[in-house]
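File shown here: data.pdb, holding PDB, C-alpha atoms, pLDDT in the B column.
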ATOM      1  CA  MET A   1       0.000   0.000   0.000  1.00 82.00           C
ATOM      2  CA  GLU A   2       1.207   3.497  -0.801  1.00 92.00           C
ATOM      3  CA  ASN A   3       2.895   5.100   2.221  1.00 92.00           C
ATOM      4  CA  GLN A   4       0.728   8.212   2.375  1.00 92.00           C
ATOM      5  CA  LYS A   5      -2.503   6.197   2.199  1.00 95.00           C
ATOM      6  CA  LEU A   6      -1.225   3.881   4.904  1.00 96.00           C
ATOM      7  CA  ILE A   7      -0.221   6.775   7.165  1.00 95.00           C
ATOM      8  CA  THR A   8      -3.669   8.325   6.688  1.00 96.00           C
ATOM      9  CA  LYS A   9      -5.371   5.061   7.698  1.00 97.00           C
ATOM     10  CA  LEU A  10      -3.057   4.634  10.680  1.00 97.00           C
ATOM     11  CA  LYS A  11      -3.748   8.209  11.815  1.00 97.00           C
ATOM     12  CA  THR A  12      -7.473   7.479  11.784  1.00 97.00           C
ATOM     13  CA  ILE A  13      -6.925   4.330  13.845  1.00 97.00           C
ATOM     14  CA  ILE A  14      -4.647   5.866  16.467  1.00 97.00           C
ATOM     15  CA  SER A  15      -6.308   9.278  16.820  1.00 97.00           C
ATOM     16  CA  PRO A  16      -8.769   8.268  19.593  1.00 97.00           C
ATOM     17  CA  TYR A  17      -5.872   7.084  21.780  1.00 97.00           C
ATOM     18  CA  VAL A  18      -3.450   9.998  21.363  1.00 97.00           C
ATOM     19  CA  GLN A  19      -2.575  12.001  24.483  1.00 96.00           C
ATOM     20  CA  ASP A  20      -0.239  14.521  22.785  1.00 97.00           C
ATOM     21  CA  GLU A  21      -2.114  16.386  20.051  1.00 96.00           C
ATOM     22  CA  ALA A  22       0.933  18.451  18.979  1.00 96.00           C
ATOM     23  CA  ALA A  23       2.943  15.290  18.328  1.00 96.00           C
ATOM     24  CA  PHE A  24      -0.026  13.768  16.505  1.00 97.00           C
ATOM     25  CA  LYS A  25      -0.261  16.773  14.160  1.00 96.00           C
ATOM     26  CA  ALA A  26       3.441  16.347  13.357  1.00 96.00           C
ATOM     27  CA  LEU A  27       3.123  12.564  12.903  1.00 96.00           C
ATOM     28  CA  SER A  28       5.760  11.001  10.654  1.00 94.00           C
ATOM     29  CA  GLU A  29       7.270   7.563  10.124  1.00 94.00           C
ATOM     30  CA  GLN A  30       9.598   8.225  13.067  1.00 96.00           C
ATOM     31  CA  THR A  31       6.773   8.969  15.527  1.00 97.00           C
ATOM     32  CA  ASP A  32       6.858   6.631  18.521  1.00 97.00           C
ATOM     33  CA  PHE A  33       3.458   5.584  19.854  1.00 97.00           C
ATOM     34  CA  VAL A  34       4.445   5.627  23.537  1.00 96.00           C
ATOM     35  CA  SER A  35       7.097   8.324  23.952  1.00 97.00           C
ATOM     36  CA  ASP A  36       5.795  10.793  21.329  1.00 97.00           C
ATOM     37  CA  LEU A  37       2.034  10.268  21.314  1.00 97.00           C
ATOM     38  CA  LYS A  38       1.812   9.206  24.981  1.00 97.00           C
ATOM     39  CA  ILE A  39      -0.307   6.158  24.156  1.00 97.00           C
ATOM     40  CA  ASN A  40      -0.412   3.674  27.038  1.00 95.00           C
ATOM     41  CA  SER A  41       0.149  -0.063  26.657  1.00 91.00           C
ATOM     42  CA  ALA A  42      -3.540  -0.956  27.042  1.00 94.00           C
ATOM     43  CA  ASN A  43      -4.409   1.389  24.195  1.00 96.00           C
ATOM     44  CA  LEU A  44      -1.607  -0.071  22.078  1.00 95.00           C
ATOM     45  CA  VAL A  45      -3.468  -3.379  22.255  1.00 94.00           C
ATOM     46  CA  ASP A  46      -6.633  -1.606  21.080  1.00 96.00           C
ATOM     47  CA  ILE A  47      -4.707  -0.062  18.195  1.00 96.00           C
ATOM     48  CA  ILE A  48      -3.347  -3.462  17.176  1.00 96.00           C
ATOM     49  CA  LEU A  49      -6.863  -4.947  17.201  1.00 96.00           C
ATOM     50  CA  ASP A  50      -8.123  -1.991  15.155  1.00 97.00           C
ATOM     51  CA  ILE A  51      -5.286  -2.468  12.639  1.00 97.00           C
ATOM     52  CA  GLU A  52      -6.181  -6.147  12.291  1.00 97.00           C
ATOM     53  CA  ASP A  53      -9.815  -5.222  11.600  1.00 97.00           C
ATOM     54  CA  GLU A  54      -9.053  -2.334   9.233  1.00 97.00           C
ATOM     55  CA  PHE A  55      -6.627  -4.274   7.036  1.00 97.00           C
ATOM     56  CA  ASP A  56      -8.144  -7.750   7.525  1.00 97.00           C
ATOM     57  CA  ILE A  57      -4.832  -9.187   8.718  1.00 97.00           C
ATOM     58  CA  ARG A  58      -3.714 -11.267  11.697  1.00 96.00           C
ATOM     59  CA  LEU A  59      -0.813  -9.980  13.783  1.00 96.00           C
ATOM     60  CA  GLU A  60       1.324 -12.434  15.716  1.00 94.00           C
ATOM     61  CA  ASN A  61       2.824 -11.689  19.142  1.00 94.00           C
ATOM     62  CA  GLU A  62       6.228 -10.948  17.592  1.00 95.00           C
ATOM     63  CA  ASP A  63       4.586  -8.404  15.249  1.00 95.00           C
ATOM     64  CA  MET A  64       2.867  -6.738  18.182  1.00 93.00           C
ATOM     65  CA  GLU A  65       6.115  -6.492  20.148  1.00 93.00           C
ATOM     66  CA  LYS A  66       7.797  -4.702  17.224  1.00 95.00           C
ATOM     67  CA  MET A  67       4.946  -2.279  16.552  1.00 94.00           C
ATOM     68  CA  LEU A  68       6.279   0.621  18.607  1.00 94.00           C
ATOM     69  CA  ASP A  69       6.348   3.390  16.034  1.00 96.00           C
ATOM     70  CA  VAL A  70       4.669   4.410  12.804  1.00 97.00           C
ATOM     71  CA  LYS A  71       7.424   3.039  10.558  1.00 97.00           C
ATOM     72  CA  ALA A  72       7.305  -0.400  12.219  1.00 97.00           C
ATOM     73  CA  ALA A  73       3.516  -0.449  11.936  1.00 97.00           C
ATOM     74  CA  MET A  74       3.738   0.423   8.233  1.00 97.00           C
ATOM     75  CA  THR A  75       6.330  -2.283   7.576  1.00 97.00           C
ATOM     76  CA  ILE A  76       4.334  -4.952   9.413  1.00 97.00           C
ATOM     77  CA  VAL A  77       1.035  -4.034   7.723  1.00 97.00           C
ATOM     78  CA  ASN A  78       2.632  -3.975   4.261  1.00 97.00           C
ATOM     79  CA  ASN A  79       4.326  -7.337   4.857  1.00 96.00           C
ATOM     80  CA  LYS A  80       1.053  -8.901   6.032  1.00 96.00           C
ATOM     81  CA  LEU A  81      -0.867  -7.458   3.077  1.00 96.00           C
ATOM     82  CA  ALA A  82       1.777  -8.723   0.653  1.00 96.00           C
ATOM     83  CA  SER A  83       1.573 -12.252   2.039  1.00 93.00           C
ATOM     84  CA  LYS A  84      -2.236 -12.451   1.775  1.00 86.00           C
TER      85      LYS A  84
END

Go ahead and render the structure in this file as structure tokens.
Amino acid sequence: MENQKLITKLKTIISPYVQDEAAFKALSEQTDFVSDLKINSANLVDIILDIEDEFDIRLENEDMEKMLDVKAAMTIVNNKLASK
């Protein structure tokens, strides 16, 4: 999936959980979910479930452990979509 489209979809998914609006407005591939957006670990699980639903993919535990920033999320989603 094209990077900009993927970032737009990810922004929609993570927006309800963001605690730092300024960081969210400046979101880039380098944005970290926890340290930049102040998303707590319980909400990270919600985001992962929302990503699975949105893209109709299944994330394994190792994928979830790596999904700490926008770039990692993009890589994992694209890899899962490519292997469908």

Inset, instruction - Find the residues around range 21-25 of chain A up to 10 Å (all atoms listed in the file counted), leave out those fewer than 6 positions away in its own chain, and share them as a VMD selection string. - result: chain A and resid 11 14 to 15 31 to 33 35 to 38

Legend entry - Surrounding residues of range 68-75 of chain A excluding itself and chain neighbours under 5 positions, 9 Å, only C-alpha atoms, as a list in words: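 In the requested format, the answer is Asn3, Leu6, Ile7, Leu10, Leu27, Ser28, Glu29, Gln30, Thr31, Asp32, Phe33, Val34, Leu44, Asp63 and Lys80 of chain A.
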
Legend entry - Selection near Asn43 in chain A, 7 Å with all atoms listed in the file, sequence-local residues under 4 positions removed, as number ranges by chain: A: 17, 39, 47

Take the residues that were just selected and, keeping C-alpha atoms, output them as an mmCIF file, in the coordinates of the input.
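The file below, selection12.cif, is the result:
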data_model
loop_
_atom_site.group_PDB
_atom_site.id
_atom_site.type_symbol
_atom_site.label_atom_id
_atom_site.label_comp_id
_atom_site.auth_asym_id
_atom_site.auth_seq_id
_atom_site.Cartn_x
_atom_site.Cartn_y
_atom_site.Cartn_z
ATOM 1 C CA TYR A 17 -5.872 7.084 21.780
ATOM 2 C CA ILE A 39 -0.307 6.158 24.156
ATOM 3 C CA ILE A 47 -4.707 -0.062 18.195
#

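Across the structure, CA of Val18 in chain A and CA of Asn61 in chain A are spaced 22.7 Å apart.
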
Inset, instruction - For CA of Leu81 in chain A and CA of Arg58 in chain A, quote the distance in Å rounded to one decimal. - result: 9.8 Å

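Note that the spacing between CA of Asp20 in chain A and CA of Asp56 in chain A amounts to 28.1 Å.
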
Starting from 5 Å padding per side, set up an axis-aligned box that covers all listed atoms of range 41-54 of chain A and hand over centre and edge lengths in Å, one decimal, as JSON.
{"center_x": -4.8, "center_y": -2.4, "center_z": 18.1, "size_x": 20.0, "size_y": 17.5, "size_z": 27.8}

Legend entry - Top pick for closest residue to Gln19 in chain A, considering A:Asn40, A:Ile57, A:Val45, A:Met1 and counting all atoms listed in the file: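 The answer is A:Asn40, which sits nearest to Gln19 in chain A.
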
Inset, instruction - Give me the residues within 8 Å of Met64 in chain A as a ChimeraX atom specification, counting all atoms listed in the file and dropping any in the same chain fewer than 4 places off. - result: /A:48,59-60

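When only C-alpha atoms are used to compute distances to Asp46 in chain A, the closest of the residues A:Lys5, A:Asn79, A:Ile13, A:Glu65 turns out to be A:Ile13.
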